[in-house]
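S.K.: The structure under discussion is supplied below as structure tokens; questions concerning it will follow.
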Amino acid sequence: MQQVIDFISGFIQVSEAELHFIADNLQYTSFKKGEILLQQGQIPNKLSFVIKGAVRGYYTDENGMEHTLGFAFENHPLGAFDSFTQQMPIGFTGCALENTDTIWISQSAFYRFLETYPRYEKVVRTIISQYMTLEGEKTKLLRIISSKERYRALLETQPELIQRVPLKYIASYLGITIETLSRIRAKR
């Protein structure tokens with residue numbers, strides 16, 4: 001739970017009463033490498049936080065091809081807040097790349113928390129805004145520059161990916177083939 005409190009404390013001072021509410025309503029789940037945490041098309045009923053491990057987010061297109069959208073590592077929220085709040089099917093699958101531990105809160109407990117402590121609505125908006133900004137930057141990066149420059153930018157901004165994520169998923173994330181990624185890496 002401490003990782004969640006540290007994450008929230010980066011945005012707001014957490015009171016004792018809030019700590020107790022959070023502690024009473026968080027659940028813990030472990031996933032083995034390869035297990036599905038979220039399924040594309042499912043309507044999510046919880047918000048999760050990765051406390052240990054790595055998760056790949058991807059969608060499967062109409063031809064059955066997987067396209068990697070991103071990764072979640074320790075100390076990061078996991079899920080699609082829009083699907084969670086609007087109770088719409090989620091547009092991606094989350095799969096454990098490593099043995100992964102998560103803490104999560106149910107939708108009903110989350111809304112009860114916001115009703116009890118309305119000052120957190122601003123925190124939620126801030127977190128969503130930050131993640132939307134990061135997603136926009138990633139989208140811009142992946143569309144504007146060459147494959148070689150995308151890989152170099154990835155090395156500079158997210159070096160942990162190279163250590164923890166199989167190359168086929170990195171290639172998919174960068175929107176290139178594994179052969180192109182191999183050529184780029186060979187030239188470095």
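Residue names in the structure tokens use chain letters A, B, ... in the order shown, residue numbers from 1 in each chain, and ligand numbers from 1 in the order shown.
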Can you list, as a VMD selection string, every protein, DNA or RNA residue that comes within 10 Å of Gln42 in chain A when you count only C-alpha atoms, leaving out same-chain residues fewer than 6 positions away?

M.R.: chain A and resid 83 87 to 93

S.K.: Suppose we keep all heavy atoms; can you now write the selection as a PDB file, in the first residue's frame?

M.R.:
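Below you can see result-v4.pdb, which holds the result:
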```pdb
ATOM      1  N   SER A  83     -12.900   4.110 -19.855  1.00  0.00           N
ATOM      2  CA  SER A  83     -13.738   2.906 -19.850  1.00  0.00           C
ATOM      3  C   SER A  83     -14.278   2.625 -18.449  1.00  0.00           C
ATOM      4  O   SER A  83     -15.429   2.228 -18.283  1.00  0.00           O
ATOM      5  CB  SER A  83     -12.956   1.689 -20.340  1.00  0.00           C
ATOM      6  OG  SER A  83     -12.616   1.828 -21.689  1.00  0.00           O
ATOM      7  N   GLN A  87     -18.099   3.035 -18.026  1.00  0.00           N
ATOM      8  CA  GLN A  87     -18.516   1.641 -18.123  1.00  0.00           C
ATOM      9  C   GLN A  87     -18.704   1.210 -19.582  1.00  0.00           C
ATOM     10  O   GLN A  87     -19.727   0.665 -19.976  1.00  0.00           O
ATOM     11  CB  GLN A  87     -19.775   1.393 -17.286  1.00  0.00           C
ATOM     12  CG  GLN A  87     -19.485   1.374 -15.795  1.00  0.00           C
ATOM     13  CD  GLN A  87     -18.553   0.229 -15.410  1.00  0.00           C
ATOM     14  OE1 GLN A  87     -19.018  -0.865 -15.164  1.00  0.00           O
ATOM     15  NE2 GLN A  87     -17.254   0.459 -15.364  1.00  0.00           N
ATOM     16  N   MET A  88     -17.647   1.496 -20.351  1.00  0.00           N
ATOM     17  CA  MET A  88     -17.581   1.102 -21.758  1.00  0.00           C
ATOM     18  C   MET A  88     -16.532   0.008 -21.901  1.00  0.00           C
ATOM     19  O   MET A  88     -15.603  -0.066 -21.092  1.00  0.00           O
ATOM     20  CB  MET A  88     -17.158   2.290 -22.629  1.00  0.00           C
ATOM     21  CG  MET A  88     -18.083   3.467 -22.597  1.00  0.00           C
ATOM     22  SD  MET A  88     -17.500   4.875 -23.601  1.00  0.00           S
ATOM     23  CE  MET A  88     -15.830   4.510 -24.006  1.00  0.00           C
ATOM     24  N   PRO A  89     -16.646  -0.817 -22.934  1.00  0.00           N
ATOM     25  CA  PRO A  89     -15.619  -1.850 -23.145  1.00  0.00           C
ATOM     26  C   PRO A  89     -14.232  -1.226 -23.313  1.00  0.00           C
ATOM     27  O   PRO A  89     -14.073  -0.192 -23.966  1.00  0.00           O
ATOM     28  CB  PRO A  89     -16.069  -2.534 -24.439  1.00  0.00           C
ATOM     29  CG  PRO A  89     -17.534  -2.268 -24.520  1.00  0.00           C
ATOM     30  CD  PRO A  89     -17.730  -0.902 -23.907  1.00  0.00           C
ATOM     31  N   ILE A  90     -13.259  -1.873 -22.716  1.00  0.00           N
ATOM     32  CA  ILE A  90     -11.881  -1.395 -22.782  1.00  0.00           C
ATOM     33  C   ILE A  90     -11.310  -1.743 -24.151  1.00  0.00           C
ATOM     34  O   ILE A  90     -11.630  -2.789 -24.712  1.00  0.00           O
ATOM     35  CB  ILE A  90     -11.065  -1.992 -21.614  1.00  0.00           C
ATOM     36  CG1 ILE A  90      -9.773  -1.232 -21.405  1.00  0.00           C
ATOM     37  CG2 ILE A  90     -10.810  -3.458 -21.806  1.00  0.00           C
ATOM     38  CD1 ILE A  90      -9.127  -1.525 -20.062  1.00  0.00           C
ATOM     39  N   GLY A  91     -10.466  -0.865 -24.686  1.00  0.00           N
ATOM     40  CA  GLY A  91      -9.959  -1.033 -26.042  1.00  0.00           C
ATOM     41  C   GLY A  91      -8.640  -1.763 -26.150  1.00  0.00           C
ATOM     42  O   GLY A  91      -8.034  -1.777 -27.219  1.00  0.00           O
ATOM     43  N   PHE A  92      -8.176  -2.351 -25.059  1.00  0.00           N
ATOM     44  CA  PHE A  92      -6.895  -3.055 -25.111  1.00  0.00           C
ATOM     45  C   PHE A  92      -6.881  -4.194 -24.111  1.00  0.00           C
ATOM     46  O   PHE A  92      -7.728  -4.280 -23.226  1.00  0.00           O
ATOM     47  CB  PHE A  92      -5.726  -2.101 -24.843  1.00  0.00           C
ATOM     48  CG  PHE A  92      -5.708  -1.519 -23.454  1.00  0.00           C
ATOM     49  CD1 PHE A  92      -4.996  -2.137 -22.439  1.00  0.00           C
ATOM     50  CD2 PHE A  92      -6.391  -0.354 -23.160  1.00  0.00           C
ATOM     51  CE1 PHE A  92      -4.984  -1.624 -21.160  1.00  0.00           C
ATOM     52  CE2 PHE A  92      -6.377   0.184 -21.885  1.00  0.00           C
ATOM     53  CZ  PHE A  92      -5.669  -0.451 -20.876  1.00  0.00           C
ATOM     54  N   THR A  93      -5.883  -5.050 -24.267  1.00  0.00           N
ATOM     55  CA  THR A  93      -5.631  -6.151 -23.336  1.00  0.00           C
ATOM     56  C   THR A  93      -4.375  -5.812 -22.553  1.00  0.00           C
ATOM     57  O   THR A  93      -3.420  -5.265 -23.099  1.00  0.00           O
ATOM     58  CB  THR A  93      -5.434  -7.469 -24.115  1.00  0.00           C
ATOM     59  OG1 THR A  93      -6.663  -7.788 -24.776  1.00  0.00           O
ATOM     60  CG2 THR A  93      -5.044  -8.620 -23.205  1.00  0.00           C
TER      61      THR A  93
END
```

S.K.: Would you please extract all strand (DSSP E) residues from chain A, as assigned by DSSP on the backbone, and give them as a PyMOL selection string?

M.R.: chain A and resi 27-31+36-38+46-52+55-60+66-72+76-78+93-96+100-106

S.K.: Restricting the calculation to only C-alpha atoms, which member of A:Thr133, A:Thr102, A:Gln40, A:Asn75 is positioned closest to Gln27 in chain A?

M.R.: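 Of A:Thr133, A:Thr102, A:Gln40, A:Asn75, the one nearest Gln27 in chain A is A:Thr102, counting only C-alpha atoms.
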
S.K.: DSSP on the backbone: which residues in chain A end up as alpha helix (DSSP H)? Give the answer as a PyMOL selection string.

M.R.: chain A and resi 2-9+16-25+81-86+107-116+120-144+147-157+159-164+167-174+178-187

S.K.: Find the residue from A:Phe11, A:Phe49, A:Phe110, A:Tyr58 that sits nearest to Pro77 in chain A; use only C-alpha atoms when measuring.

M.R.: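 Of the candidates, the smallest distance to Pro77 in chain A is held by A:Phe49.
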
S.K.: One decimal, in Å: what's the spacing between CA of Gly79 in chain A and CA of Pro44 in chain A?

M.R.: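 Pair CA of Gly79 in chain A / CA of Pro44 in chain A returns 8.1 Å.
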